[in-house]
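Single-structure report; data block below.
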Amino acid sequence: MLQEFQLTGKNILVTGASSGLGRQTAIQASKDEAKLIITGRNLSRLEETFRQLEGDNHLMIPADLTHEDELNHLVDAVPPLNGVIFSTGVSILKPVRFLESADIAENFSIGFNAPVLLTSRLLAKKKLVSGNCSLVFISSISIKYPFVGGSMYVSVKAALEGFARVLALELAPKGIRVNCVAPAFVKGPMLEQTQEATSEETIQQIKARQPLGLGDPVDVANAIIFFLSDASRWITATSLILGGG
Ligand SMILES: NC(=O)c1ccc[n+]([C@@H]2O[C@H](COP(=O)([O-])OP(=O)(O)OC[C@H]3O[C@@H](n4cnc5c(N)ncnc54)[C@H](OP(=O)(O)O)[C@@H]3O)[C@@H](O)[C@H]2O)c1
């Protein structure tokens with residue numbers, strides 16, 4: 001592989017690494033010779049990811065990122081970072097007429113507040129290495145193609161993309177890049193939850209919009225690895241749609 005596409009020697013923090021896209025991205029990045037710092041809430045699932053990492057010297061730091069003390073502990077414990085993947089998220093689906101303030105708070109707390117506060121704390125503690133550092137937020141194609149019941153989910157992702165674009169401007173002088181990937185549905189726990197919360201008809205509509213079919217977590221992970229690598233060093237403030245066509 002060309003050297004620019006490799007992550008050799010890079011310290012990469014992955015949030016949401018105990019499941020789905022975060023787990024798969026951590027595994028792929030370890031195959032690409034990165035040193036991983038993985039975090040998530042559920043210890044046994046996080047340990048499962050840790051076991052699947054290739055290479056040595058990875059770190060595992062469990063944290064609930066909606067708890068400020070645990071978030072601060074994570075920031076204190078990580079080494080200087082060359083990349084961060086923000087892959088936490090929840091998918092709570094409800095028609096607008098049933099929304100309560102608790103639904104808004106829950107969705108934004110983990111989907112928006114946590115990545116924003118984590119970024120802010122990492123910057124304040126100078127944990128993000130200037131030059132060759134890349135931040136990747138996992139957004140969603142649903143900003144472009146919304147779905148019934150997804151008002152909070154789509155709003156969180158739209159807010160996150162807005163935040164990422166401003167952050168990209170603020171960090172460009174330091175050589176730190178900020179991008180989003182916006183996947184369509186891929187196979188995994190989040191699709192299963194959506195399947196339970198909506199109708200079979202909705203799922204069939206989602207599948208019909210993806211000419212290459214449902215994605216696999218590894219398809220998202222590979223795109224993220226490109227954004228983490230020096231091969232993408234001239235790319236910032238973008239959002240890449242990963243929609244299978
Ligand atoms: N899967 C898809 O089809 C798809 C498509 C488009 C976008 N996305 C986005 O991609 C991201 C990852 O999705 P996924 O499919 O990998 O979801 P997932 O399998 O449900 O994983 C979610 C991750 O977020 C973590 N998390 C949730 N609440 C947390 C909290 N309070 N503190 C710390 N970590 C917390 C979970 O940790 P625990 O396991 O420890 O609870 C888990 O590691 C999400 O932002 C999602 O919106 C997913």
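The way I read the labels, and the way they are meant: chains A, B, ... in the order of the structure tokens, residue 1 as the first residue of every chain, and ligand 1 as the first ligand shown, with later ones counted on from there.
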What are the closest atom pairs, with distances in Å to one decimal, for all residues of stretch 107-176 of chain A lying within 9 Å of stretch 198-219 of chain A? Consider only C-alpha atoms, order rows by chain and residue number, and present the result as a tab-separated table.
residue	atom	partner	partner_atom	distance
A:Phe147	CA	A:Thr202	CA	8.4
A:Val148	CA	A:Thr202	CA	8.6
A:Gly149	CA	A:Thr198	CA	8.2
Write out the residues from the selection above, keeping C-alpha atoms, as a JSON list (two decimals), in the first residue's frame.
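Wrote out-v8.json, looks like this:
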[["chain", "number", "residue", "atom", "x", "y", "z"],
["A", 147, "PHE", "CA", -37.37, 9.45, 7.05],
["A", 148, "VAL", "CA", -40.62, 9.48, 9.02],
["A", 149, "GLY", "CA", -40.02, 9.32, 12.78]]
Those in stretch 1-239 of chain A with strand (DSSP E) from DSSP, as a VMD selection string:
chain A and resid 11 to 14 35 to 38 59 to 60 83 to 86 133 to 138 176 to 183 239
Near-A:Glu106 list (12 Å; only C-alpha atoms; drop same-chain fewer than 2 positions) as a PDB file with C-alpha atoms, in the first residue's frame:
ATOM      1  CA  THR A  66     -22.827  12.119  28.660  1.00  0.00           C
ATOM      2  CA  GLY A  89     -25.060   7.837  18.584  1.00  0.00           C
ATOM      3  CA  VAL A  90     -28.543   6.674  19.367  1.00  0.00           C
ATOM      4  CA  SER A  91     -31.470   6.182  17.079  1.00  0.00           C
ATOM      5  CA  ILE A  92     -34.691   6.998  18.926  1.00  0.00           C
ATOM      6  CA  LEU A  93     -37.505   7.219  16.436  1.00  0.00           C
ATOM      7  CA  LEU A  99     -41.977  14.220  21.212  1.00  0.00           C
ATOM      8  CA  GLU A 100     -41.172  15.193  24.802  1.00  0.00           C
ATOM      9  CA  SER A 101     -38.354  17.408  26.007  1.00  0.00           C
ATOM     10  CA  ALA A 102     -36.635  14.256  27.349  1.00  0.00           C
ATOM     11  CA  ASP A 103     -36.440  12.875  23.786  1.00  0.00           C
ATOM     12  CA  ILE A 104     -34.756  16.044  22.550  1.00  0.00           C
ATOM     13  CA  PHE A 108     -28.721  15.733  21.562  1.00  0.00           C
ATOM     14  CA  SER A 109     -26.871  14.728  24.721  1.00  0.00           C
ATOM     15  CA  ILE A 110     -25.048  11.777  23.111  1.00  0.00           C
ATOM     16  CA  GLY A 111     -25.335  12.678  19.421  1.00  0.00           C
ATOM     17  CA  PHE A 112     -24.286  16.327  19.597  1.00  0.00           C
ATOM     18  CA  ASN A 113     -23.261  17.586  23.053  1.00  0.00           C
ATOM     19  CA  ALA A 114     -20.842  14.700  23.704  1.00  0.00           C
ATOM     20  CA  MET A 152     -34.488  14.131  16.324  1.00  0.00           C
ATOM     21  CA  TYR A 153     -31.979  11.845  14.622  1.00  0.00           C
ATOM     22  CA  VAL A 156     -28.758  15.983  15.565  1.00  0.00           C
TER      23      VAL A 156
END
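The spacing separating atom CA of A:Ala231 from atom CA of A:Thr119 amounts to 23.0 Å.
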Produce as JSON, numbers by chain the set of residues near ligand 1, where near means within 7 Å with only C-alpha atoms and all ligand atoms considered.
{"A": [15, 16, 17, 18, 19, 20, 21, 22, 40, 41, 42, 43, 45, 46, 63, 64, 65, 66, 87, 88, 89, 90, 91, 110, 111, 138, 139, 140, 141, 182, 183, 184, 185, 186, 187, 188, 189, 190, 191]}
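Comparing the minimum interatomic distances between A:Ile224 and each of A:Met60, A:Leu135, A:Leu53, A:Ala237, counting only C-alpha atoms, we find that A:Leu135 sits nearest.
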For A:Phe227, work out the shell of residues within 9 Å, counting only C-alpha atoms and skipping chain neighbours fewer than 5 positions away, then give it as a VMD selection string.
chain A and resid 134 to 136 177 to 180 222 232 to 233 235 to 236
May I have the selected residues written with C-alpha atoms, as a tab-separated table (two decimals), in the first residue's frame?
chain	number	residue	atom	x	y	z
A	134	SER	CA	-7.81	14.53	11.26
A	135	LEU	CA	-11.22	14.54	12.96
A	136	VAL	CA	-14.04	12.48	11.44
A	177	ARG	CA	-8.68	18.67	9.26
A	178	VAL	CA	-12.35	18.06	10.00
A	179	ASN	CA	-14.69	15.99	7.84
A	180	CYS	CA	-17.93	14.04	8.09
A	222	ASN	CA	-12.49	2.18	4.81
A	232	SER	CA	-6.58	13.14	2.28
A	233	ARG	CA	-4.37	15.95	3.61
A	235	ILE	CA	-9.53	17.68	2.20
A	236	THR	CA	-11.39	19.46	4.99
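Using only C-alpha atoms, the nearest neighbour of A:Asn11 within the list A:Ser44, A:Thr39, A:Gln28, A:Asn57 is A:Asn57.
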Distance query A:Arg121 at most 12 Å, only C-alpha atoms, self and fewer than 6 positions along chain excluded, as a JSON list (two decimals) with N, CA and C atoms, in the first residue's frame:
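Result file is part_26.json:
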[["chain", "number", "residue", "atom", "x", "y", "z"],
["A", 68, "GLU", "N", -19.98, 14.29, 32.45],
["A", 68, "GLU", "CA", -18.85, 15.18, 32.23],
["A", 68, "GLU", "C", -17.57, 14.71, 32.93],
["A", 69, "ASP", "N", -17.71, 14.11, 34.12],
["A", 69, "ASP", "CA", -16.51, 13.64, 34.82],
["A", 69, "ASP", "C", -15.83, 12.51, 34.04],
["A", 71, "LEU", "N", -16.05, 12.02, 30.78],
["A", 71, "LEU", "CA", -15.51, 12.63, 29.56],
["A", 71, "LEU", "C", -14.16, 13.30, 29.87],
["A", 72, "ASN", "N", -14.12, 14.02, 31.00],
["A", 72, "ASN", "CA", -12.86, 14.68, 31.38],
["A", 72, "ASN", "C", -11.77, 13.66, 31.70],
["A", 73, "HIS", "N", -12.16, 12.54, 32.33],
["A", 73, "HIS", "CA", -11.18, 11.50, 32.62],
["A", 73, "HIS", "C", -10.58, 10.95, 31.31],
["A", 74, "LEU", "N", -11.45, 10.73, 30.33],
["A", 74, "LEU", "CA", -10.99, 10.23, 29.03],
["A", 74, "LEU", "C", -9.97, 11.21, 28.43],
["A", 75, "VAL", "N", -10.32, 12.49, 28.45],
["A", 75, "VAL", "CA", -9.43, 13.51, 27.86],
["A", 75, "VAL", "C", -8.07, 13.51, 28.57],
["A", 76, "ASP", "N", -8.09, 13.38, 29.89],
["A", 76, "ASP", "CA", -6.83, 13.36, 30.64],
["A", 76, "ASP", "C", -6.00, 12.13, 30.30],
["A", 78, "VAL", "N", -5.93, 10.21, 27.46],
["A", 78, "VAL", "CA", -5.46, 9.91, 26.09],
["A", 78, "VAL", "C", -4.10, 10.57, 25.83],
["A", 113, "ASN", "N", -24.01, 16.98, 21.95],
["A", 113, "ASN", "CA", -23.26, 17.59, 23.05],
["A", 113, "ASN", "C", -21.95, 16.83, 23.33],
["A", 114, "ALA", "N", -22.03, 15.48, 23.35],
["A", 114, "ALA", "CA", -20.84, 14.70, 23.70],
["A", 114, "ALA", "C", -19.69, 14.93, 22.71],
["A", 115, "PRO", "N", -19.91, 14.79, 21.39],
["A", 115, "PRO", "CA", -18.77, 15.04, 20.49],
["A", 115, "PRO", "C", -18.29, 16.48, 20.52],
["A", 127, "LYS", "N", -4.54, 18.22, 23.17],
["A", 127, "LYS", "CA", -4.36, 16.79, 22.90],
["A", 127, "LYS", "C", -4.38, 16.48, 21.41],
["A", 128, "LEU", "N", -4.82, 17.46, 20.61],
["A", 128, "LEU", "CA", -4.87, 17.22, 19.16],
["A", 128, "LEU", "C", -3.57, 17.76, 18.55]]
As an NGL selection string, please: the residues near A:Leu2 (cut-off 12 Å, only C-alpha atoms, same-chain neighbours under 2 positions excluded).
:A and (4-8 or 32 or 226 or 229-231)
